[in-house]
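Here's the structure, in structure tokens; my notes come after.
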Amino acid sequence: MEPGRSRRYSPVMSPADFEPFALDLATAAAEVTLPGFRQELAVVDKGAAGAFDPVTAADRDAEAVLRRAIAARFPDHGVIGEEYGEDRPDADWVWVLDPIDGTRAYVSGLPLWTTLIALLHAGEPVLGVVAQPYLQEVFIGTTVGSRLVRPDHPDRALQTRSCPSLAHATVSTTDPALFAGEEAEAWRRVRAGARMSRLGCDAYAYAMVAAGQIDVVLESGLKLWDWAPHKPLIEGAGGLVCGWDSLSSADGRVLAMGDRGLRTGLLPLLRS
């Protein structure tokens with residue numbers, strides 16, 4: 001079934017009304033990405049010299065499938081995607097797509113890559129999806145709440161966990177080498193104060209914040225498609241996604257936490 005084809009939508013909708021279509025999009029992306037996983041792939045380096053940034057045909061083909069599905073069901077909606085750029089980014093409703101977040105993991109055979117989907121309303125993320133097709137997990141959330149969707153299992157509500165202080169926290173970032181200068185020092189301070197750190201999880205770490213398994217994710221240099229899906233997912237589960245200096249993540253410096261109270265102790269470490 002083409003994503004969303006059998007469903008009808010009213011002109012006035014809430015973010016939660018789009019969840020069935022968003023789940024269809026995740027399924028459509030998986031049908032493109034899974035066949036290439038742990039297979040021999042042609043990899044193109046789109047990064048600058050000395051900064052390997054891989055992309056595969058699966059990245060591009062999956063985003064193309066999602067864009068066609070959105071255009072067919074919601075022709076007045078905008079789309080912003082990592083592979084094909086912007087189409088009506090000022091629309092009232094805008095879909096944000098990262099077909100394979102963690103392409104390095106994808107081409108290395110590690111099941112930590114994800115498909116990221118967000119829906120913006122009036123410029124704000126209101127629905128988020130983090131899907132890991134190989135593990136058959138789709139984490140989806142809005143301000144109404146977040147849940148884990150798996151085949152042949154009842155949906156499970158997601159809830160972040162209480163964490164009284166950084167000393168009790170598990171913290172994560174994709175790769176400390178991506179930090180430079182004062183940002184690297186900030187990460188070292190946060191890591192030194194935490195109970196434990198986990199590295200290399202890409203966007204899957206944010207899903208684990210929503211699921212109550214990880215307490216803090218700290219990253220910088222993120223694009224809209226890297227962080228927008230996580231804000232409604234984590235906040236729908238009781239957490240917070242914000243910037244290092246303010247509640248806005250628009251500058252790409254993202255702080256995600258399961259316990260909102262952690263922010264008070266983290267901000268001095270990020271600003272020192």
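Residues in the structure tokens are named by chain (A, B, ... in the order shown) and by number from 1 within that chain; ligands are numbered from 1 in the order shown.
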Could you pull out the alpha helix (DSSP H) residues of range 46-231 of chain A from DSSP and send them as a compact mmCIF listing (two decimals) with C-alpha atoms, in the first residue's frame?
# COMPACT_ATOMS: atom_id res chain seq x y z
CA ALA A 57 21.84 5.03 -3.16
CA ALA A 58 19.62 3.83 -0.30
CA ASP A 59 19.83 7.28 1.32
CA ARG A 60 18.69 9.00 -1.85
CA ASP A 61 16.16 6.41 -2.99
CA ALA A 62 14.46 6.29 0.42
CA GLU A 63 14.07 10.05 0.58
CA ALA A 64 12.68 10.09 -2.96
CA VAL A 65 10.05 7.52 -1.95
CA LEU A 66 9.06 9.57 1.10
CA ARG A 67 8.80 12.77 -0.90
CA ARG A 68 6.52 11.14 -3.45
CA ALA A 69 4.28 9.76 -0.72
CA ILE A 70 3.99 13.16 0.97
CA ALA A 71 3.25 14.91 -2.32
CA ALA A 72 0.53 12.37 -3.12
CA ARG A 73 -1.21 12.62 0.23
CA THR A 103 25.20 6.17 7.32
CA ARG A 104 28.62 5.25 8.74
CA ALA A 105 26.89 2.68 10.94
CA TYR A 106 24.76 1.55 7.98
CA VAL A 107 27.76 0.84 5.74
CA GLU A 182 35.56 24.96 24.00
CA GLU A 183 32.88 22.50 22.90
CA ALA A 184 35.34 19.64 23.41
CA GLU A 185 36.16 20.97 26.86
CA ALA A 186 32.44 21.17 27.68
CA TRP A 187 31.95 17.53 26.68
CA ARG A 188 34.92 16.48 28.83
CA ARG A 189 33.42 18.26 31.83
CA VAL A 190 30.03 16.61 31.31
CA ARG A 191 31.57 13.17 30.78
CA ALA A 192 33.80 13.52 33.84
CA GLY A 193 30.80 14.33 36.01
CA TYR A 204 19.43 5.84 18.46
CA ALA A 205 20.74 7.44 21.65
CA TYR A 206 17.86 9.94 21.57
CA ALA A 207 15.37 7.09 21.31
CA MET A 208 16.98 5.58 24.40
CA VAL A 209 16.48 8.87 26.25
CA ALA A 210 12.76 8.67 25.44
CA LEU A 224 17.36 20.51 11.38
CA TRP A 225 16.78 16.92 10.25
CA ASP A 226 19.27 15.69 12.89
CA TRP A 227 17.41 17.10 15.89
CA HIS A 230 13.85 14.08 18.79
CA LYS A 231 12.18 17.10 20.34
9 Å contact set for Val254 in chain A, only C-alpha atoms, chain neighbours under 4 positions out, as a ChimeraX atom specification: /A:217-222,227,241-244,248-250
Kindly export the residues of the current selection with N, CA and C atoms, as a PDB file, in the first residue's frame.
ATOM      1  N   VAL A 217      21.973  13.351  26.069  1.00  0.00           N
ATOM      2  CA  VAL A 217      22.712  13.353  24.816  1.00  0.00           C
ATOM      3  C   VAL A 217      23.166  14.775  24.550  1.00  0.00           C
ATOM      4  N   LEU A 218      24.443  14.920  24.222  1.00  0.00           N
ATOM      5  CA  LEU A 218      25.029  16.233  23.972  1.00  0.00           C
ATOM      6  C   LEU A 218      25.721  16.207  22.614  1.00  0.00           C
ATOM      7  N   GLU A 219      25.311  17.119  21.711  1.00  0.00           N
ATOM      8  CA  GLU A 219      25.925  17.161  20.382  1.00  0.00           C
ATOM      9  C   GLU A 219      25.921  18.588  19.849  1.00  0.00           C
ATOM     10  N   SER A 220      26.754  18.824  18.850  1.00  0.00           N
ATOM     11  CA  SER A 220      26.799  20.129  18.193  1.00  0.00           C
ATOM     12  C   SER A 220      26.921  19.923  16.689  1.00  0.00           C
ATOM     13  N   GLY A 221      26.705  21.010  15.950  1.00  0.00           N
ATOM     14  CA  GLY A 221      26.819  20.939  14.490  1.00  0.00           C
ATOM     15  C   GLY A 221      25.685  20.194  13.823  1.00  0.00           C
ATOM     16  N   LEU A 222      24.550  20.077  14.480  1.00  0.00           N
ATOM     17  CA  LEU A 222      23.436  19.322  13.910  1.00  0.00           C
ATOM     18  C   LEU A 222      22.606  20.188  12.967  1.00  0.00           C
ATOM     19  N   TRP A 227      17.948  16.930  14.542  1.00  0.00           N
ATOM     20  CA  TRP A 227      17.411  17.104  15.890  1.00  0.00           C
ATOM     21  C   TRP A 227      15.889  17.273  15.959  1.00  0.00           C
ATOM     22  N   VAL A 241      14.372  18.710  25.097  1.00  0.00           N
ATOM     23  CA  VAL A 241      15.394  18.917  24.074  1.00  0.00           C
ATOM     24  C   VAL A 241      15.545  20.414  23.889  1.00  0.00           C
ATOM     25  N   CYS A 242      16.765  20.927  24.086  1.00  0.00           N
ATOM     26  CA  CYS A 242      16.995  22.362  24.022  1.00  0.00           C
ATOM     27  C   CYS A 242      18.401  22.624  23.502  1.00  0.00           C
ATOM     28  N   GLY A 243      18.790  23.891  23.474  1.00  0.00           N
ATOM     29  CA  GLY A 243      20.134  24.251  23.090  1.00  0.00           C
ATOM     30  C   GLY A 243      21.069  24.283  24.282  1.00  0.00           C
ATOM     31  N   TRP A 244      22.347  24.477  24.023  1.00  0.00           N
ATOM     32  CA  TRP A 244      23.311  24.563  25.106  1.00  0.00           C
ATOM     33  C   TRP A 244      23.117  25.846  25.920  1.00  0.00           C
ATOM     34  N   SER A 248      16.256  27.038  22.627  1.00  0.00           N
ATOM     35  CA  SER A 248      16.257  26.797  21.187  1.00  0.00           C
ATOM     36  C   SER A 248      17.443  25.930  20.782  1.00  0.00           C
ATOM     37  N   SER A 249      17.178  24.970  19.892  1.00  0.00           N
ATOM     38  CA  SER A 249      18.231  24.124  19.334  1.00  0.00           C
ATOM     39  C   SER A 249      18.611  24.554  17.924  1.00  0.00           C
ATOM     40  N   ALA A 250      18.150  25.731  17.513  1.00  0.00           N
ATOM     41  CA  ALA A 250      18.295  26.135  16.115  1.00  0.00           C
ATOM     42  C   ALA A 250      19.743  26.293  15.684  1.00  0.00           C
TER      43      ALA A 250
END
Name all residues at most 9 Å from Pro229 in chain A (count only C-alpha atoms; drop same-chain ones fewer than 4 positions away) and give them as a PDB file with N, CA, C and O atoms, in the first residue's frame.
ATOM      1  N   VAL A  96      10.219  16.908   7.689  1.00  0.00           N
ATOM      2  CA  VAL A  96      11.681  16.957   7.725  1.00  0.00           C
ATOM      3  C   VAL A  96      12.185  15.518   7.697  1.00  0.00           C
ATOM      4  O   VAL A  96      11.775  14.693   8.531  1.00  0.00           O
ATOM      5  N   LEU A  97      13.074  15.215   6.751  1.00  0.00           N
ATOM      6  CA  LEU A  97      13.454  13.825   6.468  1.00  0.00           C
ATOM      7  C   LEU A  97      14.960  13.611   6.520  1.00  0.00           C
ATOM      8  O   LEU A  97      15.730  14.386   5.941  1.00  0.00           O
ATOM      9  N   LEU A 116      14.894   9.117  10.279  1.00  0.00           N
ATOM     10  CA  LEU A 116      14.349  10.199  11.087  1.00  0.00           C
ATOM     11  C   LEU A 116      13.305  10.966  10.293  1.00  0.00           C
ATOM     12  O   LEU A 116      13.547  11.357   9.148  1.00  0.00           O
ATOM     13  N   ILE A 117      12.148  11.182  10.907  1.00  0.00           N
ATOM     14  CA  ILE A 117      11.045  11.910  10.290  1.00  0.00           C
ATOM     15  C   ILE A 117      10.481  12.865  11.328  1.00  0.00           C
ATOM     16  O   ILE A 117      10.216  12.468  12.470  1.00  0.00           O
ATOM     17  N   ALA A 118      10.321  14.113  10.949  1.00  0.00           N
ATOM     18  CA  ALA A 118       9.669  15.089  11.825  1.00  0.00           C
ATOM     19  C   ALA A 118       8.604  15.823  11.031  1.00  0.00           C
ATOM     20  O   ALA A 118       8.688  15.939   9.802  1.00  0.00           O
ATOM     21  N   LEU A 119       7.620  16.327  11.744  1.00  0.00           N
ATOM     22  CA  LEU A 119       6.611  17.205  11.154  1.00  0.00           C
ATOM     23  C   LEU A 119       6.645  18.524  11.908  1.00  0.00           C
ATOM     24  O   LEU A 119       6.539  18.551  13.136  1.00  0.00           O
ATOM     25  N   PRO A 125       8.731  21.713  15.648  1.00  0.00           N
ATOM     26  CA  PRO A 125       8.558  20.255  15.573  1.00  0.00           C
ATOM     27  C   PRO A 125       7.424  19.788  16.483  1.00  0.00           C
ATOM     28  O   PRO A 125       7.440  20.061  17.681  1.00  0.00           O
ATOM     29  N   VAL A 126       6.444  19.102  15.899  1.00  0.00           N
ATOM     30  CA  VAL A 126       5.285  18.658  16.675  1.00  0.00           C
ATOM     31  C   VAL A 126       5.088  17.144  16.629  1.00  0.00           C
ATOM     32  O   VAL A 126       4.279  16.602  17.378  1.00  0.00           O
ATOM     33  N   LEU A 127       5.807  16.472  15.747  1.00  0.00           N
ATOM     34  CA  LEU A 127       5.743  15.014  15.652  1.00  0.00           C
ATOM     35  C   LEU A 127       7.131  14.522  15.283  1.00  0.00           C
ATOM     36  O   LEU A 127       7.796  15.112  14.435  1.00  0.00           O
ATOM     37  N   GLY A 128       7.571  13.450  15.931  1.00  0.00           N
ATOM     38  CA  GLY A 128       8.893  12.916  15.639  1.00  0.00           C
ATOM     39  C   GLY A 128       8.886  11.409  15.557  1.00  0.00           C
ATOM     40  O   GLY A 128       8.177  10.733  16.317  1.00  0.00           O
ATOM     41  N   VAL A 129       9.680  10.883  14.628  1.00  0.00           N
ATOM     42  CA  VAL A 129       9.827   9.440  14.437  1.00  0.00           C
ATOM     43  C   VAL A 129      11.308   9.094  14.385  1.00  0.00           C
ATOM     44  O   VAL A 129      12.075   9.733  13.658  1.00  0.00           O
ATOM     45  N   VAL A 130      11.705   8.096  15.151  1.00  0.00           N
ATOM     46  CA  VAL A 130      13.027   7.476  15.050  1.00  0.00           C
ATOM     47  C   VAL A 130      12.775   5.994  14.796  1.00  0.00           C
ATOM     48  O   VAL A 130      12.280   5.286  15.674  1.00  0.00           O
ATOM     49  N   ILE A 140       7.852   6.868  18.233  1.00  0.00           N
ATOM     50  CA  ILE A 140       7.067   7.960  17.669  1.00  0.00           C
ATOM     51  C   ILE A 140       6.455   8.775  18.803  1.00  0.00           C
ATOM     52  O   ILE A 140       6.045   8.223  19.829  1.00  0.00           O
ATOM     53  N   GLY A 141       6.435  10.100  18.622  1.00  0.00           N
ATOM     54  CA  GLY A 141       5.904  10.917  19.698  1.00  0.00           C
ATOM     55  C   GLY A 141       5.395  12.267  19.257  1.00  0.00           C
ATOM     56  O   GLY A 141       5.813  12.820  18.230  1.00  0.00           O
ATOM     57  N   LEU A 224      18.753  20.634  10.949  1.00  0.00           N
ATOM     58  CA  LEU A 224      17.361  20.506  11.378  1.00  0.00           C
ATOM     59  C   LEU A 224      16.907  19.059  11.385  1.00  0.00           C
ATOM     60  O   LEU A 224      16.246  18.606  12.326  1.00  0.00           O
ATOM     61  N   TRP A 225      17.250  18.294  10.337  1.00  0.00           N
ATOM     62  CA  TRP A 225      16.778  16.917  10.247  1.00  0.00           C
ATOM     63  C   TRP A 225      17.456  16.013  11.288  1.00  0.00           C
ATOM     64  O   TRP A 225      16.979  14.933  11.573  1.00  0.00           O
ATOM     65  N   LEU A 233       9.519  13.633  20.309  1.00  0.00           N
ATOM     66  CA  LEU A 233       9.610  12.271  20.832  1.00  0.00           C
ATOM     67  C   LEU A 233      10.003  12.282  22.307  1.00  0.00           C
ATOM     68  O   LEU A 233       9.350  11.643  23.149  1.00  0.00           O
ATOM     69  N   ILE A 234      11.082  13.000  22.636  1.00  0.00           N
ATOM     70  CA  ILE A 234      11.577  13.010  24.014  1.00  0.00           C
ATOM     71  C   ILE A 234      10.661  13.821  24.925  1.00  0.00           C
ATOM     72  O   ILE A 234      10.368  13.410  26.060  1.00  0.00           O
TER      73      ILE A 234
END
All strand (DSSP E) positions in range 88-271 of chain A, as number ranges by chain: A: 93-101, 114-121, 124-132, 137-142, 145-149, 156-157, 170-173, 196-199, 216-219, 240-243, 254-257
Long-range neighbours of Ala169 in chain A as a list in words, 12 Å cut-off, only C-alpha atoms, 4 positions minimum in chain: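 Everything that qualifies: Arg161, Ser162, Cys163, Pro164, Ser165, Val190, Arg191, Ala192, Gly193, Ala194, Arg195, Met196, Ser197, Arg198, Val209, Gly212, Gln213, Ile214, Asp215, Val216, Val217, Met257, Gly258, Asp259, Gly261, Leu262, Gly265 and Leu266 of chain A.
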Within 7 Å of range 143-152 of chain A using only C-alpha atoms, minus same-chain residues under 2 positions, as a list in words: Val126, Gln136, Glu137, Val138, Phe139, Ile140, Gly141, Pro154, Asp155, Arg156, Ala157, Leu158, Pro232, Leu233, Glu235, Gly236 and Ala237 of chain A
